[in-house]
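See structure below.
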Amino acid sequence: MSEFPLPVRVAAGLAATAVEQARALPATLLGMPVTVASQALQASMRVQQHITELAIKGDEALSVLRTPEEEPSWATFDEDIAPEPAVVPEPESGENALLADYDALSLPQLRGRLRSFTEDDLTALLAYEENNEQRPDYLRMLRNRLTRLREQ
C-alpha cells in the first residue's frame, strides 16, 4: 500500500472529524443552553469580583482624605445601653412558691435546682409529679435526690 502525502492524510482526518462532530451535534445542542448560561454567569461573577476589588482599592485610596467619625452611628456596645431594672416577683409562701414555676422547668433546669430543695420540698414535688404529669425522668430524678438527701 502506498503512503499518501501529508496534505491528503490531513484532509481525510479533517473530513472524518467533521463527520464525527456532525453525528454528535444533537447531543451537543441539548447541553448548549446550559453551557452558555454557565459561561455567562461565570463572566458576570468575574466582573462583579473586579468591581468589588476596585471599590476596595478606591476606599483605601480615599480613606486618607476622610477623618473618621468619633462614634459611628451604627456602633452600639453593651456598655452604652442602660440596663433595664430587674423585675423581682413577689415571694410566695410555702408549697405554692415551690410549685409556681415547676411545670415550666426543663429537666436540666430542675437538675440545677435540686440541691436547693429541702426534704419537704422534694417530697411535695414528688407527690405533685406523681399526681399530675407522671414524667418518668422527673420522677426518677426527684426520687434519687430524695434518697441521697435522706442518706446524708
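By convention in this document, the chains of the C-alpha cells carry letters A, B, ... by their order, each chain's residues are numbered from 1, and ligands are numbered from 1 in the order they are shown.
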
Would you pick out the contacts of A:Arg111 at 10 Å or less, using only C-alpha atoms, so that residues sharing its chain but fewer than 5 positions from it are not included, and give the list as a ChimeraX atom specification? /A:105-106,138,141-142,145

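Around A:Thr118, within 9 Å and counting only C-alpha atoms, the residues found are Thr123, Leu146 and Leu149 of chain A, once anything fewer than 5 positions away on its own chain is removed.
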
Would you mind exporting the chosen residues as a compact mmCIF listing (two decimals), in the first residue's frame, restricted to N, CA, C and O atoms?
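This went into selection.txt:
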# COMPACT_ATOMS: atom_id res chain seq x y z
N THR A 123 -40.32 16.08 98.72
CA THR A 123 -41.50 15.23 98.94
C THR A 123 -42.72 15.85 98.29
O THR A 123 -43.52 15.15 97.64
N LEU A 146 -34.08 12.64 96.63
CA LEU A 146 -34.69 12.45 97.95
C LEU A 146 -33.97 11.33 98.70
O LEU A 146 -33.69 11.45 99.90
N LEU A 149 -30.59 12.58 99.85
CA LEU A 149 -30.75 13.54 100.95
C LEU A 149 -31.04 12.83 102.25
O LEU A 149 -30.51 13.20 103.31

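Between atom CA of A:Pro108 and atom CA of A:Leu125 there is a distance of 15.8 Å.
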